[in-house]
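Report on one structure; see the data block that follows.
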Protein chains: 2
Amino acid sequence: MKYPGGIKRIAENLEIPTNYGNRGMELEKELNDTNRYYLDNNIAFIYKKPTPIKITKTEYKNNGKIIKEAFFDSPSTTDYNGLYNGKYIDFEAKETTSKTSFPLANIHKHQITHIRNINNNSGICFLIVRFTTLNETYLLPSYSFLKYIDNNQKKSIPRKYFQENGYIIHDKYIPRIDYLEIVNKVYGGANLGNN
Amino acid sequence: MKYPGGIKRIAENLEIPTNYGNRGMELEKELNDTNRYYLDNNIAFIYKKPTPIKITKTEYKNNGKIIKEAFFDSPSTTDYNGLYNGKYIDFEAKETTSKTSFPLANIHKHQITHIRNINNNSGICFLIVRFTTLNETYLLPSYSFLKYIDNNQKKSIPRKYFQENGYIIHDKYIPRIDYLEIVNKVYGGANLGNN
């Protein structure tokens with residue numbers, strides 16, 4: 001699937017904007033490859049959303065209005081969404097170099113609202129967090145994520161919380177990050193009630 | 001729910017880019033109000049996607065990279081998506097002043113691929129098309145839309161096809177365009193098989 005050109009270029013060529021400081025580009029590439037595999041094999045259709053942009057100056061040129069100044073905006077949704085067997089699926093993917101905890105600074109207020117809305121409407125929603133120095137990748141369901149931030153004033157989620165409430169996603173050859181294997185386990189049948 | 005600032009401004013203040021020529025801003029406003037109603041009443045969470053933008057020039061300024069030139073890109077997805085009772089829902093909304101047919105020029109090739117991918121993965125997907133001069137608003141399921149374009153080389157879909165394969169969405173006071181009423185009828189239970 002084709003992503004809007006500009007957005008693709010941000011992801012591929014440009015420096016990561018400040019508000020994306022914690023987003024893992026390597027993880028992102030692996031997820032895009034995995035989603036491509038899911039699509040090509042008729043398993044699921046999950047796609048990356050465009051990076052939000054705030055337009056501050058426009059101008060007429062040739063046959064249309066063009067943007068003369070704009071900024072990378074802080075995201076109001078998560079990075080990925082799509083569908084799996086007709087069910088809505090949505091997640092945010094982050095990397096951290098910390099060995100002990102995942103800093104919450106990179107999950108924006110509006111993203112938390114977004115995650116809450118999905119959770120309230122029985123959607124499959126989670127975080128994929130990679131502790132790069134430990135080479136551990138976790139899937140943390142939205143209800144566990146929300147439970148933590150609603151009951152803690154802390155600025156980060158300890159790795160221990162991921163170990164106890166999340167699920168390790170083991171590396172594979174193809175697909176690289178088979179997170180739907182975990183989704184089947186966590187959200188299959190009765191567990192959907194947890195949402 | 002907050003939409004990225006820049007995008008909101010495009011929708012509210014700026015001239016509609018050429019590739020959005022057929023998008024109805026009035027219909028869009030009514031749909032946004034309806035989606036707001038669905039969210040506030042815990043019925044569904046359906047949101048508008050950012051307008052894709054193609055970045056052609058960037059520059060450093062203060063503490064980050066800013067965009068010095070960009071263009072409105074042609075969309076590779078539909079306008080709206082979200083979830084309803086955990087199910088993935090996705091649609092494109094258009095207005096036409098024609099009394100006889102809906103011109104296909106405004107549904108882009110990549111949007112058709114997107115609709116096909118959703119359809120193949122059992123998603124709830126449709127077009128909402130308003131014939132403004134007749135004040136008729138139709139919901140046309142994706143499978144009927146795809147059936148038409150796969151079997152016709154025509155540049156537009158006749159109104160008659162909407163009458164025979166679509167569903168009228170009657171105006172209401174609140175919510176303004178209660179399209180989920182039709183979704184319940186069309187996709188409820190067995191009919192999901194049509195996808």
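Scheme for the structure tokens: letters A, B, ... for chains in order shown; per-chain residue numbers from 1; ligand numbers from 1 in order shown.
Residues of chain A having any atom within 6 Å of chain B, counting only C-alpha atoms, are Pro4, Gly5, Gly6, Pro52, Ile53, Lys54, Ile55, Ile66, Ile67, Lys68, Glu69, Ala70, Phe71, Leu83, Asn85, Gly86, Lys87, Tyr88, Asn121, Ser122 and Gly123 of chain A.
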Dump of N, CA and C atoms for the selected residues, as a tab-separated table (two decimals), in the first residue's frame:
chain	number	residue	atom	x	y	z
A	4	PRO	N	1.11	8.47	1.68
A	4	PRO	CA	1.33	9.78	1.05
A	4	PRO	C	2.83	10.11	0.98
A	5	GLY	N	3.28	10.56	-0.17
A	5	GLY	CA	4.71	10.75	-0.43
A	5	GLY	C	5.44	11.49	0.67
A	6	GLY	N	4.88	12.62	1.07
A	6	GLY	CA	5.55	13.45	2.07
A	6	GLY	C	5.79	12.70	3.36
A	52	PRO	N	0.95	13.80	11.62
A	52	PRO	CA	0.18	15.05	11.57
A	52	PRO	C	1.08	16.27	11.39
A	53	ILE	N	0.60	17.20	10.61
A	53	ILE	CA	1.37	18.41	10.28
A	53	ILE	C	0.52	19.63	10.54
A	54	LYS	N	1.13	20.63	11.17
A	54	LYS	CA	0.42	21.87	11.47
A	54	LYS	C	0.84	22.92	10.45
A	55	ILE	N	-0.10	23.41	9.66
A	55	ILE	CA	0.18	24.38	8.60
A	55	ILE	C	0.08	25.78	9.16
A	66	ILE	N	-0.38	26.13	-2.08
A	66	ILE	CA	0.68	25.30	-1.51
A	66	ILE	C	1.02	25.78	-0.11
A	67	ILE	N	1.69	24.91	0.62
A	67	ILE	CA	2.04	25.21	2.00
A	67	ILE	C	3.45	25.78	2.04
A	68	LYS	N	3.61	26.97	2.59
A	68	LYS	CA	4.92	27.61	2.64
A	68	LYS	C	5.60	27.41	4.00
A	69	GLU	N	4.81	27.13	5.02
A	69	GLU	CA	5.41	26.81	6.32
A	69	GLU	C	4.48	25.89	7.10
A	70	ALA	N	5.08	24.89	7.69
A	70	ALA	CA	4.31	23.94	8.49
A	70	ALA	C	5.25	23.27	9.48
A	71	PHE	N	4.68	22.68	10.51
A	71	PHE	CA	5.46	22.03	11.56
A	71	PHE	C	4.94	20.62	11.78
A	83	LEU	N	-7.56	-3.53	10.37
A	83	LEU	CA	-8.53	-4.54	10.77
A	83	LEU	C	-7.98	-5.95	10.61
A	85	ASN	N	-9.66	-9.82	10.74
A	85	ASN	CA	-10.94	-10.56	10.78
A	85	ASN	C	-12.13	-9.65	11.08
A	86	GLY	N	-12.13	-8.49	10.49
A	86	GLY	CA	-13.23	-7.55	10.67
A	86	GLY	C	-13.16	-6.74	11.94
A	87	LYS	N	-12.26	-7.11	12.85
A	87	LYS	CA	-12.14	-6.39	14.13
A	87	LYS	C	-11.18	-5.20	14.00
A	88	TYR	N	-11.53	-4.12	14.68
A	88	TYR	CA	-10.67	-2.94	14.68
A	88	TYR	C	-9.43	-3.20	15.53
A	121	ASN	N	-14.73	1.23	23.24
A	121	ASN	CA	-15.56	0.72	22.14
A	121	ASN	C	-15.14	-0.68	21.69
A	122	SER	N	-14.54	-1.42	22.65
A	122	SER	CA	-14.19	-2.84	22.45
A	122	SER	C	-13.22	-3.08	21.31
A	123	GLY	N	-12.34	-2.15	21.07
A	123	GLY	CA	-11.34	-2.33	20.03
A	123	GLY	C	-10.12	-3.05	20.56
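Using only C-alpha atoms, the nearest neighbour of Lys160 (chain A) within the list A:Ser144, A:Asn135, A:Ser101, A:Asn41 is A:Ser101.
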If you count only C-alpha atoms, which residues fall within 9 Å of Leu27 (chain A), apart from same-chain ones fewer than 3 positions away, as a compact mmCIF listing (two decimals) with all heavy atoms, in the first residue's frame?
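So out20.txt came out as:
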# COMPACT_ATOMS: atom_id res chain seq x y z
N ARG A 23 10.33 7.26 19.20
CA ARG A 23 9.83 6.28 18.25
C ARG A 23 11.02 5.54 17.63
O ARG A 23 12.01 6.13 17.24
CB ARG A 23 9.03 6.96 17.15
CG ARG A 23 8.67 5.98 16.03
CD ARG A 23 8.19 6.67 14.81
NE ARG A 23 6.81 7.13 15.00
CZ ARG A 23 6.18 7.85 14.08
NH1 ARG A 23 6.80 8.22 12.99
NH2 ARG A 23 4.94 8.25 14.29
N GLY A 24 10.91 4.23 17.58
CA GLY A 24 12.02 3.45 17.03
C GLY A 24 11.85 3.27 15.54
O GLY A 24 10.88 2.71 15.07
N GLU A 30 10.48 -2.83 10.82
CA GLU A 30 10.09 -4.24 11.01
C GLU A 30 8.57 -4.40 11.04
O GLU A 30 8.03 -5.36 10.51
CB GLU A 30 10.71 -4.78 12.30
CG GLU A 30 12.23 -4.92 12.22
CD GLU A 30 12.84 -5.46 13.50
OE1 GLU A 30 12.09 -5.99 14.36
OE2 GLU A 30 14.06 -5.35 13.65
N LEU A 31 7.90 -3.42 11.65
CA LEU A 31 6.43 -3.47 11.72
C LEU A 31 5.82 -3.26 10.33
O LEU A 31 4.86 -3.95 9.96
CB LEU A 31 5.91 -2.43 12.70
CG LEU A 31 6.06 -2.78 14.17
CD1 LEU A 31 5.80 -1.57 15.05
CD2 LEU A 31 5.15 -3.94 14.56
N ASN A 32 6.40 -2.35 9.57
CA ASN A 32 5.89 -2.12 8.21
C ASN A 32 6.05 -3.37 7.35
O ASN A 32 5.15 -3.74 6.59
CB ASN A 32 6.59 -0.92 7.58
CG ASN A 32 6.20 0.39 8.26
OD1 ASN A 32 5.17 0.46 8.95
ND2 ASN A 32 7.02 1.41 8.09
N ALA A 93 3.77 2.14 18.58
CA ALA A 93 5.04 1.40 18.70
C ALA A 93 6.15 2.35 19.14
O ALA A 93 6.31 3.43 18.57
CB ALA A 93 5.39 0.76 17.37
N LYS A 94 6.88 1.94 20.17
CA LYS A 94 7.97 2.78 20.69
C LYS A 94 9.18 1.93 21.04
O LYS A 94 9.04 0.76 21.42
CB LYS A 94 7.52 3.51 21.96
CG LYS A 94 6.36 4.47 21.77
CD LYS A 94 6.80 5.76 21.12
CE LYS A 94 5.67 6.77 21.09
NZ LYS A 94 5.97 7.87 20.16
N GLU A 95 10.34 2.55 20.94
CA GLU A 95 11.57 1.94 21.44
C GLU A 95 12.11 2.77 22.59
O GLU A 95 11.90 3.98 22.63
CB GLU A 95 12.64 1.91 20.33
CG GLU A 95 12.49 0.80 19.33
CD GLU A 95 13.66 0.73 18.35
OE1 GLU A 95 14.54 1.61 18.41
OE2 GLU A 95 13.68 -0.20 17.55
N ARG A 130 9.72 -1.73 22.68
CA ARG A 130 10.98 -2.48 22.61
C ARG A 130 12.03 -1.84 23.51
O ARG A 130 12.29 -0.64 23.42
CB ARG A 130 11.50 -2.53 21.17
CG ARG A 130 12.88 -3.20 21.06
CD ARG A 130 13.32 -3.35 19.63
NE ARG A 130 12.52 -4.36 18.94
CZ ARG A 130 12.61 -4.58 17.63
NH1 ARG A 130 13.43 -3.85 16.88
NH2 ARG A 130 11.86 -5.51 17.07
N ILE A 177 7.99 -9.43 13.18
CA ILE A 177 7.35 -9.23 14.50
C ILE A 177 5.91 -9.69 14.42
O ILE A 177 5.01 -8.91 14.10
CB ILE A 177 7.37 -7.74 14.92
CG1 ILE A 177 8.75 -7.14 14.77
CG2 ILE A 177 6.88 -7.59 16.36
CD1 ILE A 177 8.80 -5.67 15.11
### Query
Contacts of Glu181 (chain A) at 12 Å or less, counting only C-alpha atoms, minus same-chain residues fewer than 6 places along, as a ChimeraX atom specification?
/A:34,38,43-44,84,139,167-172,175,187-188
